[in-house]
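Source file: start37.cif (mmCIF, C-alpha atoms and all ligand atoms)
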data_structure
#
loop_
_atom_site.label_atom_id
_atom_site.label_comp_id
_atom_site.auth_asym_id
_atom_site.auth_seq_id
_atom_site.Cartn_x
_atom_site.Cartn_y
_atom_site.Cartn_z
CA LYS A 1 3.62 4.88 -16.49
CA LYS A 2 3.24 6.08 -12.93
CA ARG A 3 3.32 3.44 -10.23
CA VAL A 4 0.26 3.01 -8.01
CA PHE A 5 0.36 1.02 -4.76
CA SER A 6 -2.39 0.41 -2.24
CA GLY A 7 -3.63 -2.22 0.19
CA ILE A 8 -6.39 -3.35 2.52
CA GLN A 9 -6.15 -5.30 5.77
CA PRO A 10 -7.73 -8.76 5.68
CA THR A 11 -9.66 -8.15 8.90
CA ASN A 12 -13.41 -8.66 9.28
CA ASN A 13 -15.75 -7.68 6.51
CA ILE A 14 -14.79 -5.42 3.66
CA HIS A 15 -17.39 -2.66 3.61
CA LEU A 16 -18.80 0.11 1.51
CA GLY A 17 -16.22 2.59 2.85
CA ASN A 18 -13.37 0.37 1.64
CA TYR A 19 -15.09 0.06 -1.73
CA LEU A 20 -15.90 3.75 -2.29
CA GLY A 21 -12.76 5.09 -0.62
CA ALA A 22 -10.33 2.63 -2.21
CA ILE A 23 -11.09 -0.40 -4.44
CA ARG A 24 -13.51 1.34 -6.78
CA ASN A 25 -10.97 4.08 -7.49
CA TRP A 26 -8.25 1.52 -8.16
CA VAL A 27 -10.48 -0.16 -10.72
CA GLU A 28 -11.45 3.13 -12.38
CA THR A 29 -7.88 4.20 -13.14
CA GLN A 30 -6.16 0.83 -13.58
CA ASP A 31 -5.62 1.45 -17.34
CA GLN A 32 -3.62 4.62 -16.72
CA TYR A 33 -1.07 3.28 -14.25
CA ASP A 34 1.29 0.51 -13.38
CA ASN A 35 -0.62 -0.99 -10.44
CA ILE A 36 0.32 -3.05 -7.41
CA PHE A 37 -2.39 -4.04 -4.92
CA CYS A 38 -1.58 -5.79 -1.70
CA ILE A 39 -3.44 -7.80 0.92
CA VAL A 40 -1.66 -6.44 3.98
CA ASP A 41 -1.74 -9.45 6.29
CA LEU A 42 1.23 -8.27 8.37
CA HIS A 43 -0.86 -5.24 9.29
CA ALA A 44 -3.74 -7.51 10.28
CA ILE A 45 -1.73 -9.09 13.11
CA THR A 46 -1.20 -5.78 14.92
CA LEU A 47 -4.37 -6.65 16.86
CA PRO A 48 -5.32 -10.21 17.97
CA ILE A 49 -6.86 -12.33 15.18
CA GLU A 50 -7.70 -16.07 14.95
CA PRO A 51 -5.33 -17.98 12.60
CA LYS A 52 -8.20 -19.67 10.74
CA GLU A 53 -10.00 -16.41 10.31
CA LEU A 54 -6.90 -14.60 9.02
CA HIS A 55 -6.16 -17.40 6.56
CA SER A 56 -9.68 -17.34 5.16
CA ASN A 57 -9.90 -13.52 5.15
CA ILE A 58 -6.81 -13.33 2.92
CA ARG A 59 -8.48 -15.53 0.27
CA LYS A 60 -11.79 -13.71 0.59
CA LEU A 61 -10.13 -10.35 0.08
CA ALA A 62 -8.25 -11.62 -2.98
CA ALA A 63 -11.55 -12.83 -4.47
CA LEU A 64 -13.19 -9.48 -3.68
CA TYR A 65 -10.37 -7.51 -5.35
CA LEU A 66 -10.97 -9.48 -8.54
CA ALA A 67 -14.77 -9.45 -8.20
CA CYS A 68 -14.72 -5.65 -7.94
CA GLY A 69 -13.01 -5.52 -11.33
CA LEU A 70 -9.25 -5.49 -10.87
CA ASP A 71 -7.74 -6.92 -14.03
CA LEU A 72 -4.67 -9.14 -13.70
CA SER A 73 -3.31 -7.93 -17.02
CA LYS A 74 -3.09 -4.43 -15.50
CA CYS A 75 -2.33 -5.10 -11.84
CA SER A 76 -0.14 -7.27 -9.66
CA LEU A 77 -2.09 -8.63 -6.74
CA PHE A 78 -0.26 -10.26 -3.84
CA VAL A 79 -0.09 -11.01 -0.11
CA GLN A 80 2.30 -8.84 1.91
CA SER A 81 3.81 -11.72 3.93
CA HIS A 82 4.71 -13.58 0.70
CA VAL A 83 7.32 -10.90 0.00
CA HIS A 84 9.69 -10.85 2.98
CA GLN A 85 11.20 -7.51 1.97
CA HIS A 86 8.20 -5.75 3.58
CA ALA A 87 9.22 -6.93 7.04
CA GLU A 88 12.88 -6.24 6.29
CA LEU A 89 12.39 -2.65 5.11
CA SER A 90 10.00 -1.98 7.96
CA TRP A 91 12.70 -2.82 10.53
CA ILE A 92 15.21 -0.60 8.82
CA LEU A 93 12.77 2.32 8.56
CA ASN A 94 11.87 1.95 12.25
CA CYS A 95 15.44 2.93 13.00
CA TYR A 96 14.96 6.20 11.10
CA THR A 97 11.53 7.12 12.49
CA PRO A 98 11.46 9.57 15.39
CA MET A 99 9.12 8.47 18.22
CA GLY A 100 7.61 11.96 18.07
CA TRP A 101 6.31 11.32 14.56
CA LEU A 102 4.54 8.12 15.63
CA ASN A 103 3.20 9.79 18.78
CA ARG A 104 1.27 12.14 16.51
CA MET A 105 -0.54 9.36 14.61
CA THR A 106 -4.21 9.70 15.50
CA GLN A 107 -5.22 6.19 14.40
CA PHE A 108 -2.93 4.58 16.97
CA LYS A 109 -4.66 6.44 19.79
CA THR A 110 -8.11 5.37 18.58
CA LYS A 111 -7.12 1.73 18.06
CA ALA A 112 -5.09 1.31 21.25
CA GLY A 113 -7.83 2.89 23.34
CA GLU A 114 -7.24 2.68 27.09
CA ASP A 115 -4.96 -0.31 26.64
CA MET A 116 -1.57 1.49 26.46
CA GLU A 117 0.30 -0.95 28.73
CA SER A 118 -0.59 -4.19 26.97
CA VAL A 119 -1.21 -3.24 23.32
CA GLY A 120 1.46 -4.70 21.01
CA THR A 121 4.24 -2.39 19.83
CA GLY A 122 3.42 -3.51 16.27
CA LEU A 123 0.31 -1.34 16.41
CA TYR A 124 2.51 1.64 17.30
CA CYS A 125 4.99 0.93 14.48
CA TYR A 126 2.24 0.10 11.97
CA PRO A 127 2.63 3.37 9.98
CA VAL A 128 6.29 2.48 9.38
CA LEU A 129 5.32 -0.92 7.95
CA MET A 130 2.88 0.92 5.70
CA ALA A 131 5.60 3.38 4.64
CA GLY A 132 7.79 0.40 3.76
CA ASP A 133 5.00 -1.12 1.63
CA ILE A 134 4.78 2.06 -0.40
CA LEU A 135 8.49 2.86 -0.66
CA LEU A 136 9.57 -0.68 -1.63
CA TYR A 137 7.98 -0.24 -5.06
CA GLN A 138 9.11 3.35 -5.77
CA THR A 139 5.43 4.31 -5.72
CA ASP A 140 4.20 7.60 -7.21
CA MET A 141 0.57 7.47 -6.08
CA VAL A 142 -1.30 5.91 -3.18
CA PRO A 143 -5.09 5.81 -3.71
CA VAL A 144 -6.68 5.60 -0.24
CA GLY A 145 -9.55 6.93 1.84
CA ASP A 146 -9.22 10.06 3.92
CA ASP A 147 -8.31 8.15 7.12
CA GLN A 148 -4.95 7.11 5.60
CA ARG A 149 -3.88 10.66 4.71
CA GLN A 150 -1.71 11.05 7.81
CA HIS A 151 0.06 7.74 7.15
CA VAL A 152 0.95 8.73 3.59
CA GLU A 153 2.25 12.08 4.87
CA LEU A 154 4.48 10.19 7.30
CA THR A 155 5.70 8.03 4.41
CA ARG A 156 6.69 11.15 2.46
CA ASP A 157 8.48 12.65 5.47
CA LEU A 158 10.34 9.42 6.08
CA ALA A 159 11.41 9.05 2.44
CA GLN A 160 12.64 12.65 2.35
CA ARG A 161 14.51 12.21 5.62
CA PHE A 162 16.22 9.03 4.41
CA ASN A 163 17.13 10.46 0.99
CA GLY A 164 18.43 13.61 2.66
CA LEU A 165 20.49 11.75 5.23
CA TYR A 166 22.37 9.77 2.58
CA ASN A 167 22.14 12.48 -0.03
CA LYS A 168 20.80 9.98 -2.62
CA PRO A 169 17.35 9.51 -4.23
CA VAL A 170 16.91 6.03 -2.72
CA PHE A 171 13.12 6.38 -2.52
CA THR A 172 10.56 7.99 -4.82
CA ILE A 173 8.44 10.48 -2.84
CA PRO A 174 4.83 9.23 -3.10
CA LYS A 175 1.59 11.25 -3.10
CA ALA A 176 -1.76 10.32 -1.58
CA ASP A 177 -4.59 10.13 -4.11
CA ILE A 178 -7.79 10.86 -2.20
CA ARG A 179 -10.96 11.39 -4.26
CA THR A 180 -13.69 13.68 -2.99
CA ALA A 181 -16.99 11.75 -3.01
CA GLY A 182 -16.59 8.60 -0.93
CA ALA A 183 -13.24 9.32 0.74
CA ARG A 184 -14.88 9.31 4.14
CA ILE A 185 -18.02 7.19 4.50
CA MET A 186 -19.51 7.43 7.97
CA SER A 187 -21.15 4.81 10.21
CA LEU A 188 -24.83 4.22 9.49
CA ALA A 189 -25.55 3.97 13.22
CA ASP A 190 -23.51 6.98 14.35
CA PRO A 191 -22.73 9.34 11.46
CA THR A 192 -20.17 11.23 13.51
CA LYS A 193 -17.86 8.15 13.41
CA LYS A 194 -16.31 6.68 10.25
CA MET A 195 -17.64 3.39 8.88
CA SER A 196 -15.24 0.81 10.29
CA LYS A 197 -14.58 -2.94 9.86
CA SER A 198 -14.15 -3.32 13.61
CA ASP A 199 -17.46 -1.70 14.61
CA PRO A 200 -19.21 -4.14 16.99
CA ASN A 201 -22.61 -3.13 15.59
CA PRO A 202 -23.15 -4.77 12.16
CA ASN A 203 -25.90 -2.24 11.38
CA ALA A 204 -23.19 0.44 11.29
CA TYR A 205 -21.79 -0.79 7.97
CA ILE A 206 -22.79 -2.49 4.74
CA THR A 207 -20.42 -5.24 3.68
CA LEU A 208 -19.80 -5.99 0.02
CA LEU A 209 -21.41 -9.40 0.58
CA ASP A 210 -24.63 -8.25 2.30
CA ASP A 211 -27.73 -9.63 0.58
CA PRO A 212 -30.54 -7.33 -0.64
CA LYS A 213 -32.69 -7.98 2.43
CA THR A 214 -29.86 -7.05 4.79
CA ILE A 215 -29.05 -3.93 2.79
CA LYS A 216 -32.68 -2.84 2.90
CA LYS A 217 -32.83 -3.39 6.64
CA LYS A 218 -29.55 -1.55 7.34
CA ILE A 219 -30.43 1.45 5.17
CA GLY A 220 -33.93 1.50 6.68
CA ARG A 221 -32.44 1.69 10.18
CA ALA A 222 -29.71 4.17 9.30
CA THR A 223 -29.74 7.18 11.61
CA THR A 224 -31.22 10.35 10.12
CA ASP A 225 -33.07 13.21 11.84
CA SER A 226 -36.57 14.64 12.16
CA GLU A 227 -36.31 17.28 9.45
CA ARG A 228 -37.27 15.11 6.48
CA LEU A 229 -35.49 17.30 3.91
CA VAL A 230 -33.36 15.31 1.44
CA THR A 231 -30.48 17.80 1.18
CA PHE A 232 -26.72 17.81 1.79
CA ASP A 233 -26.29 19.61 5.11
CA PRO A 234 -23.27 19.27 7.45
CA ALA A 235 -25.56 20.00 10.39
CA ARG A 236 -27.45 16.75 9.56
CA PRO A 237 -24.62 14.20 9.21
CA GLY A 238 -26.90 11.13 8.91
CA ILE A 239 -28.81 12.08 5.78
CA THR A 240 -25.69 13.77 4.37
CA ASN A 241 -23.72 10.52 4.70
CA LEU A 242 -26.47 8.55 2.91
CA LEU A 243 -26.60 11.20 0.19
CA THR A 244 -22.81 11.04 -0.15
CA ILE A 245 -23.02 7.27 -0.66
CA TYR A 246 -25.70 7.82 -3.30
CA GLN A 247 -23.56 10.50 -4.96
CA ALA A 248 -20.49 8.24 -5.00
CA LEU A 249 -22.50 5.36 -6.49
CA THR A 250 -24.37 7.36 -9.14
CA GLY A 251 -21.66 9.89 -10.01
CA GLN A 252 -24.30 12.66 -10.08
CA SER A 253 -23.83 16.18 -8.69
CA GLN A 254 -25.25 17.25 -5.34
CA GLN A 255 -27.64 19.69 -7.06
CA HIS A 256 -28.92 16.98 -9.37
CA ILE A 257 -29.56 14.63 -6.46
CA GLU A 258 -31.29 17.28 -4.35
CA ALA A 259 -33.53 18.10 -7.33
CA GLU A 260 -34.33 14.41 -7.83
CA PHE A 261 -35.66 14.16 -4.26
CA ALA A 262 -37.20 17.64 -3.91
CA GLY A 263 -40.61 17.29 -2.25
CA LYS A 264 -39.94 13.64 -1.42
CA GLY A 265 -39.23 12.18 2.02
CA TYR A 266 -36.54 10.01 3.58
CA GLY A 267 -38.52 6.85 2.76
CA ASP A 268 -38.38 7.50 -1.00
CA PHE A 269 -34.71 8.38 -0.84
CA LYS A 270 -33.78 5.33 1.23
CA ALA A 271 -35.63 3.09 -1.23
CA ALA A 272 -33.68 4.59 -4.15
CA LEU A 273 -30.40 4.24 -2.27
CA THR A 274 -31.17 0.61 -1.43
CA ASP A 275 -31.90 -0.20 -5.10
CA CYS A 276 -28.70 1.50 -6.15
CA LEU A 277 -26.63 -0.47 -3.62
CA VAL A 278 -28.22 -3.79 -4.54
CA GLU A 279 -27.60 -3.09 -8.22
CA THR A 280 -23.94 -2.21 -7.60
CA LEU A 281 -23.22 -5.15 -5.33
CA ALA A 282 -25.12 -7.95 -7.12
CA PRO A 283 -22.60 -8.46 -9.96
CA ILE A 284 -19.67 -8.19 -7.53
CA GLN A 285 -21.22 -10.86 -5.31
CA GLN A 286 -21.88 -13.15 -8.24
CA ARG A 287 -18.26 -12.98 -9.42
CA TYR A 288 -17.04 -13.33 -5.85
CA HIS A 289 -18.88 -16.63 -5.37
CA GLU A 290 -17.42 -18.00 -8.59
CA LEU A 291 -13.88 -16.97 -7.65
CA ILE A 292 -14.01 -18.22 -4.07
CA SER A 293 -15.18 -21.65 -5.20
CA ASP A 294 -11.95 -22.21 -7.16
CA MET A 295 -9.34 -21.98 -4.41
CA PRO A 296 -6.40 -23.43 -6.41
CA ALA A 297 -6.87 -20.75 -9.08
CA LEU A 298 -7.01 -18.02 -6.47
CA GLU A 299 -3.87 -19.31 -4.73
CA GLY A 300 -2.18 -19.34 -8.14
CA VAL A 301 -3.07 -15.69 -8.71
CA LEU A 302 -1.53 -14.71 -5.38
CA LYS A 303 1.62 -16.71 -6.00
CA GLN A 304 2.05 -15.15 -9.41
CA GLY A 305 1.52 -11.66 -7.99
CA ALA A 306 4.22 -12.17 -5.36
CA ASP A 307 6.60 -13.50 -8.03
CA GLU A 308 5.95 -10.38 -10.15
CA VAL A 309 6.65 -7.83 -7.42
CA ARG A 310 9.49 -9.56 -5.52
CA PRO A 311 12.25 -8.43 -7.93
CA LEU A 312 11.07 -4.81 -7.64
CA ALA A 313 11.17 -5.04 -3.85
CA GLU A 314 14.61 -6.61 -3.90
CA LYS A 315 15.94 -3.89 -6.17
CA THR A 316 14.93 -1.25 -3.61
CA MET A 317 16.38 -3.28 -0.74
CA ILE A 318 19.75 -3.40 -2.47
CA LYS A 319 19.71 0.40 -2.87
CA VAL A 320 18.72 0.87 0.76
CA LYS A 321 21.37 -1.47 2.15
CA LYS A 322 24.04 0.04 -0.03
CA ALA A 323 23.16 3.57 1.12
CA ILE A 324 23.34 2.54 4.78
CA GLY A 325 26.42 0.35 4.51
CA LEU A 326 24.68 -2.88 5.50
CA GLY A 327 25.82 -6.29 4.31
P1 LIG B 401 -7.88 -0.34 5.86
O1 LIG B 401 -7.76 -1.81 5.67
O2 LIG B 401 -8.38 0.16 7.18
O3 LIG B 401 -8.81 0.28 4.76
C1 LIG B 401 -8.62 -0.01 3.39
C2 LIG B 401 -8.95 1.19 2.53
O4 LIG B 401 -10.29 1.63 2.75
C3 LIG B 401 -10.32 3.00 3.09
N1 LIG B 401 -11.40 3.23 4.05
C4 LIG B 401 -12.39 4.11 3.88
N2 LIG B 401 -12.66 4.98 2.88
C5 LIG B 401 -13.78 5.74 3.01
N3 LIG B 401 -14.61 5.68 4.08
C6 LIG B 401 -14.37 4.83 5.11
N4 LIG B 401 -15.20 4.78 6.15
C7 LIG B 401 -13.21 4.00 5.03
N5 LIG B 401 -12.69 3.05 5.85
C8 LIG B 401 -11.58 2.60 5.23
C9 LIG B 401 -8.96 3.28 3.71
O5 LIG B 401 -8.63 4.64 3.66
C10 LIG B 401 -8.06 2.42 2.86
O6 LIG B 401 -7.74 3.09 1.65
N6 LIG B 401 -3.13 1.02 6.69
C11 LIG B 401 -4.11 0.70 5.67
C12 LIG B 401 -3.68 -0.44 4.78
C13 LIG B 401 -2.32 -0.29 4.17
C14 LIG B 401 -1.98 0.50 3.05
C15 LIG B 401 -0.61 0.28 2.83
C16 LIG B 401 -2.72 1.37 2.22
C17 LIG B 401 -1.19 -0.92 4.58
N7 LIG B 401 -0.16 -0.59 3.77
C18 LIG B 401 0.09 0.94 1.78
C19 LIG B 401 -2.03 2.00 1.18
C20 LIG B 401 -0.65 1.78 0.98
C21 LIG B 401 -5.41 0.31 6.32
O7 LIG B 401 -5.44 -0.12 7.45
O8 LIG B 401 -6.50 0.37 5.51
#

Represent the structure contained in this file as structure tokens.
Ligand code: TYM
Amino acid sequence: KKRVFSGIQPTNNIHLGNYLGAIRNWVETQDQYDNIFCIVDLHAITLPIEPKELHSNIRKLAALYLACGLDLSKCSLFVQSHVHQHAELSWILNCYTPMGWLNRMTQFKTKAGEDMESVGTGLYCYPVLMAGDILLYQTDMVPVGDDQRQHVELTRDLAQRFNGLYNKPVFTIPKADIRTAGARIMSLADPTKKMSKSDPNPNAYITLLDDPKTIKKKIGRATTDSERLVTFDPARPGITNLLTIYQALTGQSQQHIEAEFAGKGYGDFKAALTDCLVETLAPIQQRYHELISDMPALEGVLKQGADEVRPLAEKTMIKVKKAIGLG
């Protein structure tokens, strides 16, 4: 079976973009692959975060992974910092990554903002840590949203460079797996920006734990336009984003959806979208609350996951060190 690896940062609230761009796709294909899913806490410290918040976010994200339908008989689920090989490989790969490659990473520029003098160098090297995550497990496929495409490309380049340098297939060359509907969910407040966990405006995103009233309010306020035509149209990014969410949730074609709302207005469509969201999220939230109330069981799951993947990570580290001449 092909190996799948992916991860999410335990920062802020996991939102609809994370669900439609990542988790949902992991769940859909978990039978076909050999799956490893990570809670990437070492990535979460690239920007300041409160210790208590980080600690609780890690558990919350583990509960959400399971609540969304990941099955422990098909996946290993673990916390990045529980497997020290991630930090170890990341250092080694840093020594093989040209500055020029990292200078081209667009996410760094967005996240660092104007703060170039004081932002931590971890944020700059973050794509190399991510490359290490993927390469440690000889991963074939990386199911992610569109915003991670560039990082997976860097991972491929780095693996090829390393293998070429030592003339040995030390790393499997991974591929990004980016699905079409849902790979890039936009902000509800400003549909020209992607939906983001760090958006200061909570009306810009729907979290997986939002209650029906909140969902209704956020969809009601979502930016549209004055045309009132319920059609997919790149020139009207607001309604198109809402329609894309509806398409990703229902699995119907664009034509089918446009026909469903022909002659109807934004109000009717927003009501249908709200119902659809509430229906999707209700069972996830119910399972989440059960899982989060049994902390010892959840901790046990994470410990077991780390125990399962550690030998795989160590096997790669031995290959890497041997190729380089370390140790
Ligand atoms: P993160 O935590 O920002 O996002 C987690 C996943 O959600 C996807 N995503 C979206 N998809 C669609 N629309 C959106 N608006 C949206 N926002 C986020 C992301 O593409 C991602 O799949 N660097 C990664 C975490 C990571 C990782 C890895 C992923 C670390 N190591 C190894 C894969 C493999 C990140 O910050 O994702």

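Taking CA of Ala259 (chain A) and CA of Ala222 (chain A) as endpoints, the distance between them is 22.0 Å.
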
Taking all atoms listed in the file into account, list the residues no farther than 8 Å from ligand LIG 401 (chain B), as a ChimeraX atom specification. /A:5-11,15-23,38,40,43,126-127,129-134,142-149,151-152,182-187,194-197

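Between Arg287 (chain A) and the candidates A:Gly69, A:Asp31, A:Gly305, A:Tyr124, the tightest atom-to-atom separation, counting only C-alpha atoms, involves A:Gly69.
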
List the spatial neighbours of Gln30 (chain A) as a ChimeraX atom specification - criterion: any atom at most 8 Å away, only C-alpha atoms, same-chain residues fewer than 2 positions off excluded. /A:26-28,32-35,70-71,74-75

Size and centre in Å, one decimal, axis-aligned box, all listed region 37-54 of chain A atoms plus 5 Å per side, as lines of an AutoDock Vina configuration file:
center_x = -4.4
center_y = -11.9
center_z = 6.5
size_x = 21.2
size_y = 25.6
size_z = 32.9

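Closest approach to Thr46 (chain A) from the set A:Tyr205, A:Tyr166, A:Phe108, A:Phe171 is made by A:Phe108, with distances taken over only C-alpha atoms.
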
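Across the structure, CA of Asp275 (chain A) and CA of Thr180 (chain A) are spaced 23.0 Å apart.
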
Counting all atoms listed in the file, what is within 7 Å of Ile58 (chain A), bar same-chain residues fewer than 3 positions away, as a list in words? Pro10, Ile39, Leu54, His55, Leu61 and Ala62 of chain A

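Among A:Phe162, A:Trp101, A:Tyr65, A:Tyr246, the residue with the shortest atom-to-atom distance to Tyr288 (chain A), counting only C-alpha atoms, is A:Tyr65.
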
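Residues of protein, DNA or RNA having at least one counted atom within 8 Å of (8.0, 7.3, 5.4), given all atoms listed in the file, are Leu93, Thr97, Val128, Ala131, Gly132, Leu135, Val152, Glu153, Leu154, Thr155, Arg156, Asp157, Leu158, Ala159 and Gln160 of chain A.
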
Could you list as a list in words every residue that has an atom within 6 Å of (-19.6, -4.7, -3.1), using the file's coordinates and counting all atoms listed in the file? Leu208, Leu281 and Ile284 of chain A

Exercise: Asp210 (chain A) partners within 12 Å, all atoms listed in the file, chain neighbours under 5 positions left out, as a PDB file with C-alpha atoms, keeping the file's coordinate frame:
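Once everything was written out, this is around-v8.pdb:
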ATOM      1  CA  ASN A  13     -15.750  -7.680   6.510  1.00  0.00           C
ATOM      2  CA  ILE A  14     -14.790  -5.420   3.660  1.00  0.00           C
ATOM      3  CA  HIS A  15     -17.390  -2.660   3.610  1.00  0.00           C
ATOM      4  CA  LEU A  16     -18.800   0.110   1.510  1.00  0.00           C
ATOM      5  CA  PRO A 202     -23.150  -4.770  12.160  1.00  0.00           C
ATOM      6  CA  ASN A 203     -25.900  -2.240  11.380  1.00  0.00           C
ATOM      7  CA  TYR A 205     -21.790  -0.790   7.970  1.00  0.00           C
ATOM      8  CA  ILE A 215     -29.050  -3.930   2.790  1.00  0.00           C
ATOM      9  CA  LYS A 216     -32.680  -2.840   2.900  1.00  0.00           C
ATOM     10  CA  LYS A 217     -32.830  -3.390   6.640  1.00  0.00           C
ATOM     11  CA  LYS A 218     -29.550  -1.550   7.340  1.00  0.00           C
ATOM     12  CA  ILE A 219     -30.430   1.450   5.170  1.00  0.00           C
ATOM     13  CA  THR A 274     -31.170   0.610  -1.430  1.00  0.00           C
ATOM     14  CA  LEU A 277     -26.630  -0.470  -3.620  1.00  0.00           C
ATOM     15  CA  VAL A 278     -28.220  -3.790  -4.540  1.00  0.00           C
ATOM     16  CA  THR A 280     -23.940  -2.210  -7.600  1.00  0.00           C
ATOM     17  CA  LEU A 281     -23.220  -5.150  -5.330  1.00  0.00           C
ATOM     18  CA  ALA A 282     -25.120  -7.950  -7.120  1.00  0.00           C
ATOM     19  CA  ILE A 284     -19.670  -8.190  -7.530  1.00  0.00           C
ATOM     20  CA  GLN A 285     -21.220 -10.860  -5.310  1.00  0.00           C
ATOM     21  CA  GLN A 286     -21.880 -13.150  -8.240  1.00  0.00           C
TER      22      GLN A 286
END

For region 307-323 of chain A, work out the shell of residues within 8 Å, counting all atoms listed in the file and skipping chain neighbours fewer than 6 positions away, then give it as a PyMOL selection string. chain A and resi 36+76+83+85+89+136-138+166+168+170-171
